[in-house]
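Undergrad: I'd like to ask you about the structure that follows.
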Amino acid sequence: MITIKNAGQIEKMRKAGALLYEVLQGLRREICPGVTTRHLDHCAESMIRAAGGKPSFKGYNGFPFSICASVDEQVVHGFATGEKLRQGQLLSVDCGVILDGWQSDSAFSVVVGGGDAQKQKLVDATEKCFWLAADQARAGKHLGDIAYAVQSYAESLGYGVIRDLCGHGIGANMHEDPSVPNFGHPGRGVRLQAGMTLAIEPMISMGGWKVYVEDNDWTYVTRDKSPCSHYEHTVLITDSEPEVLSYPGMTVREALG
Ligand code: MG
Ligand code: MG
């Protein structure tokens with residue numbers, strides 16, 4: 001069932017989104033060669049709890065961490081570890097918060113310490129996929145318009161669009177209907193309405209789209225071991241411009257320049 005949020009619920013999701021934005025900005029500042037993803041996980045959990053929130057990932061179906069930290073060919077659901085990050089690794093960080101009963105979900109990727117132009121191009125393209133998709137998140141459009149925006153841009157650059165994992169509705173629960181795929185046909189699927197809140201999350205690989213799950217039963221990895229990038233925000237559909245709840249103040253128009 002797709003839930004339509006009222007003004008009071010949206011205000012709570014806005015607050016959850018603003019907290020998550022601050023947490024992810026804090027994590028971005030911590031990331032450099034030599035830092036461990038376990039450290040980033042501790043930082044995230046303490047920032048969330050200090051603000052009165054709860055890390056939504058921790059304990060979700062038994063997931064052990066407050067963030068997912070996925071390195072290079074890991075697509076999503078990577079475990080935080082004590083291994084030191086190295087320059088040039090592509091790190092994706094995904095995090096979710098619950099504040100006052102309402103959820104937000106957001107992810108970003110970076111090249112640790114910079115220095116890898118090809119991976120940086122993939123990271124930038126994945127962000128652009130998100131913003132092109134968010135531009136379609138308008139009342140009267142369809143889920144297929146979001147999907148097609150991601151797929152057509154990513155594939156025009158020769159990248160692979162991960163198909164086994166999708167975005168999702170979000171609200172009082174982290175995963176709600178509908179499923180929001182990153183591939184599909186324009187004009188197809190659920191018609192979007194004001195008050196819907198969607199986590200839109202392109203996962204784009206430098207190679208093919210096929211994946212498998214590691215022995216920990218959580219972490220998705222590209223079959224061809226090509227690096228993968230992830231970018232996600234929680235988006236509110238309105239009667240006018242889409243509102244990116246987990247990136248306060250940023251508009252689609254500004255992001256797409
Ligand atoms: Mg996420
Ligand atoms: Mg998500």
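Each chain in the structure tokens gets a letter, A, B, ..., in the order shown, and its residues are numbered from 1; ligands are numbered from 1 in order too.
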List as JSON lines every residue of chain A that is in contact with ligand 2, defined as an atom at most 12 Å from one of its atoms (using only C-alpha atoms and all ligand atoms), together with the nearest atom pair and the distance in Å rounded to one decimal, sorted by chain and then rising number.

TA:
```
{"residue": "A:Ser56", "atom": "CA", "partner": "ligand 2", "partner_atom_place_in_ligand_line": "1 (Mg)", "distance": 10.9}
{"residue": "A:Phe57", "atom": "CA", "partner": "ligand 2", "partner_atom_place_in_ligand_line": "1 (Mg)", "distance": 10.2}
{"residue": "A:Ile67", "atom": "CA", "partner": "ligand 2", "partner_atom_place_in_ligand_line": "1 (Mg)", "distance": 11.6}
{"residue": "A:Cys68", "atom": "CA", "partner": "ligand 2", "partner_atom_place_in_ligand_line": "1 (Mg)", "distance": 10.8}
{"residue": "A:Val76", "atom": "CA", "partner": "ligand 2", "partner_atom_place_in_ligand_line": "1 (Mg)", "distance": 9.9}
{"residue": "A:His77", "atom": "CA", "partner": "ligand 2", "partner_atom_place_in_ligand_line": "1 (Mg)", "distance": 10.4}
{"residue": "A:Val93", "atom": "CA", "partner": "ligand 2", "partner_atom_place_in_ligand_line": "1 (Mg)", "distance": 11.5}
{"residue": "A:Asp94", "atom": "CA", "partner": "ligand 2", "partner_atom_place_in_ligand_line": "1 (Mg)", "distance": 8.0}
{"residue": "A:Cys95", "atom": "CA", "partner": "ligand 2", "partner_atom_place_in_ligand_line": "1 (Mg)", "distance": 8.5}
{"residue": "A:Gly96", "atom": "CA", "partner": "ligand 2", "partner_atom_place_in_ligand_line": "1 (Mg)", "distance": 8.0}
{"residue": "A:Val97", "atom": "CA", "partner": "ligand 2", "partner_atom_place_in_ligand_line": "1 (Mg)", "distance": 11.2}
{"residue": "A:Gln103", "atom": "CA", "partner": "ligand 2", "partner_atom_place_in_ligand_line": "1 (Mg)", "distance": 10.5}
{"residue": "A:Ser104", "atom": "CA", "partner": "ligand 2", "partner_atom_place_in_ligand_line": "1 (Mg)", "distance": 8.6}
{"residue": "A:Asp105", "atom": "CA", "partner": "ligand 2", "partner_atom_place_in_ligand_line": "1 (Mg)", "distance": 5.5}
{"residue": "A:Ser106", "atom": "CA", "partner": "ligand 2", "partner_atom_place_in_ligand_line": "1 (Mg)", "distance": 6.7}
{"residue": "A:Ala107", "atom": "CA", "partner": "ligand 2", "partner_atom_place_in_ligand_line": "1 (Mg)", "distance": 7.9}
{"residue": "A:Phe108", "atom": "CA", "partner": "ligand 2", "partner_atom_place_in_ligand_line": "1 (Mg)", "distance": 11.4}
{"residue": "A:Leu165", "atom": "CA", "partner": "ligand 2", "partner_atom_place_in_ligand_line": "1 (Mg)", "distance": 9.3}
{"residue": "A:Cys166", "atom": "CA", "partner": "ligand 2", "partner_atom_place_in_ligand_line": "1 (Mg)", "distance": 7.7}
{"residue": "A:Gly167", "atom": "CA", "partner": "ligand 2", "partner_atom_place_in_ligand_line": "1 (Mg)", "distance": 5.4}
{"residue": "A:His168", "atom": "CA", "partner": "ligand 2", "partner_atom_place_in_ligand_line": "1 (Mg)", "distance": 6.3}
{"residue": "A:Gly169", "atom": "CA", "partner": "ligand 2", "partner_atom_place_in_ligand_line": "1 (Mg)", "distance": 8.6}
{"residue": "A:Ile170", "atom": "CA", "partner": "ligand 2", "partner_atom_place_in_ligand_line": "1 (Mg)", "distance": 8.2}
{"residue": "A:Gly171", "atom": "CA", "partner": "ligand 2", "partner_atom_place_in_ligand_line": "1 (Mg)", "distance": 11.5}
{"residue": "A:Asn173", "atom": "CA", "partner": "ligand 2", "partner_atom_place_in_ligand_line": "1 (Mg)", "distance": 11.1}
{"residue": "A:Met174", "atom": "CA", "partner": "ligand 2", "partner_atom_place_in_ligand_line": "1 (Mg)", "distance": 7.4}
{"residue": "A:His175", "atom": "CA", "partner": "ligand 2", "partner_atom_place_in_ligand_line": "1 (Mg)", "distance": 7.4}
{"residue": "A:Glu176", "atom": "CA", "partner": "ligand 2", "partner_atom_place_in_ligand_line": "1 (Mg)", "distance": 10.1}
{"residue": "A:Asp177", "atom": "CA", "partner": "ligand 2", "partner_atom_place_in_ligand_line": "1 (Mg)", "distance": 11.9}
{"residue": "A:Pro178", "atom": "CA", "partner": "ligand 2", "partner_atom_place_in_ligand_line": "1 (Mg)", "distance": 12.0}
{"residue": "A:Ser179", "atom": "CA", "partner": "ligand 2", "partner_atom_place_in_ligand_line": "1 (Mg)", "distance": 10.1}
{"residue": "A:Val180", "atom": "CA", "partner": "ligand 2", "partner_atom_place_in_ligand_line": "1 (Mg)", "distance": 9.7}
{"residue": "A:Pro181", "atom": "CA", "partner": "ligand 2", "partner_atom_place_in_ligand_line": "1 (Mg)", "distance": 11.3}
{"residue": "A:Thr197", "atom": "CA", "partner": "ligand 2", "partner_atom_place_in_ligand_line": "1 (Mg)", "distance": 11.7}
{"residue": "A:Leu198", "atom": "CA", "partner": "ligand 2", "partner_atom_place_in_ligand_line": "1 (Mg)", "distance": 8.8}
{"residue": "A:Ala199", "atom": "CA", "partner": "ligand 2", "partner_atom_place_in_ligand_line": "1 (Mg)", "distance": 5.4}
{"residue": "A:Ile200", "atom": "CA", "partner": "ligand 2", "partner_atom_place_in_ligand_line": "1 (Mg)", "distance": 7.1}
{"residue": "A:Glu201", "atom": "CA", "partner": "ligand 2", "partner_atom_place_in_ligand_line": "1 (Mg)", "distance": 6.4}
{"residue": "A:Pro202", "atom": "CA", "partner": "ligand 2", "partner_atom_place_in_ligand_line": "1 (Mg)", "distance": 9.8}
{"residue": "A:Met203", "atom": "CA", "partner": "ligand 2", "partner_atom_place_in_ligand_line": "1 (Mg)", "distance": 10.7}
{"residue": "A:His230", "atom": "CA", "partner": "ligand 2", "partner_atom_place_in_ligand_line": "1 (Mg)", "distance": 10.2}
{"residue": "A:Tyr231", "atom": "CA", "partner": "ligand 2", "partner_atom_place_in_ligand_line": "1 (Mg)", "distance": 9.5}
{"residue": "A:Glu232", "atom": "CA", "partner": "ligand 2", "partner_atom_place_in_ligand_line": "1 (Mg)", "distance": 6.9}
{"residue": "A:His233", "atom": "CA", "partner": "ligand 2", "partner_atom_place_in_ligand_line": "1 (Mg)", "distance": 7.9}
{"residue": "A:Thr234", "atom": "CA", "partner": "ligand 2", "partner_atom_place_in_ligand_line": "1 (Mg)", "distance": 8.1}
{"residue": "A:Val235", "atom": "CA", "partner": "ligand 2", "partner_atom_place_in_ligand_line": "1 (Mg)", "distance": 11.2}
{"residue": "A:Ser246", "atom": "CA", "partner": "ligand 2", "partner_atom_place_in_ligand_line": "1 (Mg)", "distance": 11.8}
```

Undergrad: Which polymer residues have any atom within 12 Å of an atom of A:Glu155, counting only C-alpha atoms, with same-chain residues fewer than 4 positions away left out, as a count of residues only?

TA: 20

Undergrad: Could you tell me which of A:Gly78, A:Gln25, A:Glu45, A:Val71 comes closest to ligand 1 if we count only C-alpha atoms and all ligand atoms?

TA: A:Gly78

Undergrad: What gap, in Å, lies between atom CA of A:Ile48 and atom CA of A:Gln89?

TA: 26.0 Å

Undergrad: Write out as a PyMOL selection string each polymer residue whose atoms come within 10 Å of A:Asp72, counting only C-alpha atoms; drop sequence neighbours fewer than 3 positions from it.

TA: chain A and resi 75+88-92+109+111+119+205+221-222+225-229

Undergrad: Report the residues of stretch 128-225 of chain A whose backbone DSSP state falls under strand (DSSP E), written as a ChimeraX atom specification.

TA: /A:160-161,167-169,176-180,197-200,203-205,211-213,220-222

Undergrad: Using only C-alpha atoms, which residues sit within 8 Å of A:Val23 once same-chain residues fewer than 4 positions away are excluded, as a list in words?

TA: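 My reading of the contact set: Leu19, Leu27, Ala44, Met47 and Ile48 of chain A.
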
Undergrad: For stretch 190-195 of chain A, work out the shell of residues within 7 Å, counting only C-alpha atoms and skipping chain neighbours fewer than 3 positions away, then give it as a PyMOL selection string.

TA: chain A and resi 4-6+138-143+236-239

Undergrad: For the residues selected in the previous step, produce a file with all heavy atoms as a CSV table (one decimal), in the first residue's frame.

TA:
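Wrote it out as result-v9.csv, contents follow:
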```
chain,number,residue,atom,x,y,z
A,4,ILE,N,0.1,8.2,1.5
A,4,ILE,CA,0.3,9.6,1.2
A,4,ILE,C,0.4,10.4,2.5
A,4,ILE,O,-0.4,10.2,3.4
A,4,ILE,CB,-1.0,10.1,0.5
A,4,ILE,CG1,-1.3,9.3,-0.8
A,4,ILE,CG2,-1.0,11.6,0.2
A,4,ILE,CD1,-0.2,9.5,-1.9
A,5,LYS,N,1.5,11.1,2.7
A,5,LYS,CA,1.7,11.8,3.9
A,5,LYS,C,1.0,13.1,4.0
A,5,LYS,O,1.0,13.9,3.1
A,5,LYS,CB,3.2,12.0,4.1
A,5,LYS,CG,4.0,10.7,4.6
A,5,LYS,CD,4.2,9.7,3.4
A,5,LYS,CE,4.9,8.5,3.9
A,5,LYS,NZ,5.1,7.6,2.7
A,6,ASN,N,0.5,13.4,5.3
A,6,ASN,CA,-0.1,14.7,5.5
A,6,ASN,C,1.0,15.7,5.9
A,6,ASN,O,2.1,15.4,6.1
A,6,ASN,CB,-1.2,14.6,6.5
A,6,ASN,CG,-0.8,14.2,7.9
A,6,ASN,OD1,0.3,14.6,8.3
A,6,ASN,ND2,-1.6,13.4,8.6
A,138,ARG,N,7.4,14.0,-10.0
A,138,ARG,CA,6.4,15.1,-10.0
A,138,ARG,C,5.0,14.5,-10.1
A,138,ARG,O,4.9,13.4,-10.8
A,138,ARG,CB,6.7,16.0,-11.2
A,138,ARG,CG,8.0,16.8,-11.1
A,138,ARG,CD,8.3,17.5,-12.4
A,138,ARG,NE,9.6,18.1,-12.3
A,138,ARG,CZ,9.9,19.3,-11.8
A,138,ARG,NH1,8.9,20.0,-11.3
A,138,ARG,NH2,11.1,19.7,-11.7
A,139,ALA,N,4.1,15.1,-9.4
A,139,ALA,CA,2.7,14.6,-9.5
A,139,ALA,C,2.3,14.5,-11.0
A,139,ALA,O,2.5,15.4,-11.8
A,139,ALA,CB,1.8,15.6,-8.8
A,140,GLY,N,1.7,13.4,-11.3
A,140,GLY,CA,1.2,13.1,-12.7
A,140,GLY,C,2.2,12.3,-13.5
A,140,GLY,O,1.8,11.7,-14.5
A,141,LYS,N,3.5,12.3,-13.1
A,141,LYS,CA,4.5,11.4,-13.8
A,141,LYS,C,4.3,10.0,-13.3
A,141,LYS,O,3.5,9.8,-12.3
A,141,LYS,CB,5.9,12.0,-13.5
A,141,LYS,CG,6.2,13.3,-14.2
A,141,LYS,CD,6.9,13.1,-15.5
A,141,LYS,CE,7.4,14.4,-16.0
A,141,LYS,NZ,8.0,14.2,-17.3
A,142,HIS,N,5.1,9.1,-13.8
A,142,HIS,CA,5.0,7.7,-13.4
A,142,HIS,C,6.3,7.2,-12.9
A,142,HIS,O,7.4,7.8,-13.2
A,142,HIS,CB,4.5,6.9,-14.6
A,142,HIS,CG,3.1,7.2,-15.1
A,142,HIS,ND1,2.1,6.4,-14.7
A,142,HIS,CD2,2.6,8.2,-15.8
A,142,HIS,CE1,1.0,6.9,-15.2
A,142,HIS,NE2,1.3,8.0,-15.9
A,143,LEU,N,6.3,6.1,-12.2
A,143,LEU,CA,7.5,5.5,-11.7
A,143,LEU,C,8.5,5.2,-12.8
A,143,LEU,O,9.7,5.3,-12.7
A,143,LEU,CB,7.2,4.2,-10.9
A,143,LEU,CG,6.8,4.3,-9.4
A,143,LEU,CD1,6.6,3.0,-8.9
A,143,LEU,CD2,7.9,5.1,-8.6
A,236,LEU,N,10.2,14.1,-1.6
A,236,LEU,CA,8.8,14.3,-1.4
A,236,LEU,C,8.2,14.8,-2.8
A,236,LEU,O,8.7,15.8,-3.4
A,236,LEU,CB,8.5,15.4,-0.4
A,236,LEU,CG,7.1,15.9,-0.3
A,236,LEU,CD1,6.1,14.9,0.2
A,236,LEU,CD2,7.0,17.2,0.6
A,237,ILE,N,7.1,14.2,-3.2
A,237,ILE,CA,6.4,14.6,-4.4
A,237,ILE,C,5.4,15.7,-4.0
A,237,ILE,O,4.7,15.4,-3.0
A,237,ILE,CB,5.8,13.5,-5.2
A,237,ILE,CG1,7.0,12.6,-5.8
A,237,ILE,CG2,4.9,13.9,-6.3
A,237,ILE,CD1,6.7,11.2,-5.9
A,238,THR,N,5.4,16.8,-4.6
A,238,THR,CA,4.5,17.9,-4.3
A,238,THR,C,3.7,18.3,-5.5
A,238,THR,O,3.9,17.7,-6.6
A,238,THR,CB,5.3,19.1,-3.8
A,238,THR,OG1,5.9,19.8,-5.0
A,238,THR,CG2,6.4,18.8,-2.8
A,239,ASP,N,2.9,19.3,-5.4
A,239,ASP,CA,2.2,19.8,-6.6
A,239,ASP,C,3.0,20.7,-7.5
A,239,ASP,O,2.6,21.0,-8.6
A,239,ASP,CB,0.9,20.5,-6.2
A,239,ASP,CG,-0.2,19.5,-5.7
A,239,ASP,OD1,-0.3,18.4,-6.4
A,239,ASP,OD2,-0.8,19.7,-4.7
```

Undergrad: Can you pull out the residues contacting A:Pro33? Cut-off 9 Å, using only C-alpha atoms, and skip same-chain residues under 4 positions away; I want them as a VMD selection string.

TA: chain A and resid 84 to 89 112 to 113

Undergrad: Could those selected residues go to a file with N, CA and C atoms, as a CSV table (one decimal), in the first residue's frame?

TA:
```csv
chain,number,residue,atom,x,y,z
A,84,LYS,N,41.7,-0.3,7.2
A,84,LYS,CA,41.9,1.1,6.8
A,84,LYS,C,41.6,1.4,5.4
A,85,LEU,N,40.9,2.5,5.2
A,85,LEU,CA,40.6,2.9,3.8
A,85,LEU,C,41.9,3.3,3.1
A,86,ARG,N,42.0,3.0,1.8
A,86,ARG,CA,43.1,3.4,1.0
A,86,ARG,C,42.8,4.4,0.0
A,87,GLN,N,43.7,5.3,-0.4
A,87,GLN,CA,43.5,6.3,-1.4
A,87,GLN,C,43.1,5.6,-2.7
A,88,GLY,N,42.1,6.2,-3.3
A,88,GLY,CA,41.6,5.7,-4.6
A,88,GLY,C,40.5,4.7,-4.5
A,89,GLN,N,40.2,4.2,-3.3
A,89,GLN,CA,39.0,3.3,-3.2
A,89,GLN,C,37.7,4.1,-3.4
A,112,VAL,N,38.1,7.8,-2.1
A,112,VAL,CA,38.8,8.1,-0.9
A,112,VAL,C,40.1,8.9,-1.2
A,113,GLY,N,40.3,10.1,-0.7
A,113,GLY,CA,41.5,10.8,-1.0
A,113,GLY,C,41.7,11.3,-2.4
```

Undergrad: State, in Å with one decimal place, the distance from atom CA of A:Glu30 to atom CA of A:Arg253.

TA: 29.0 Å
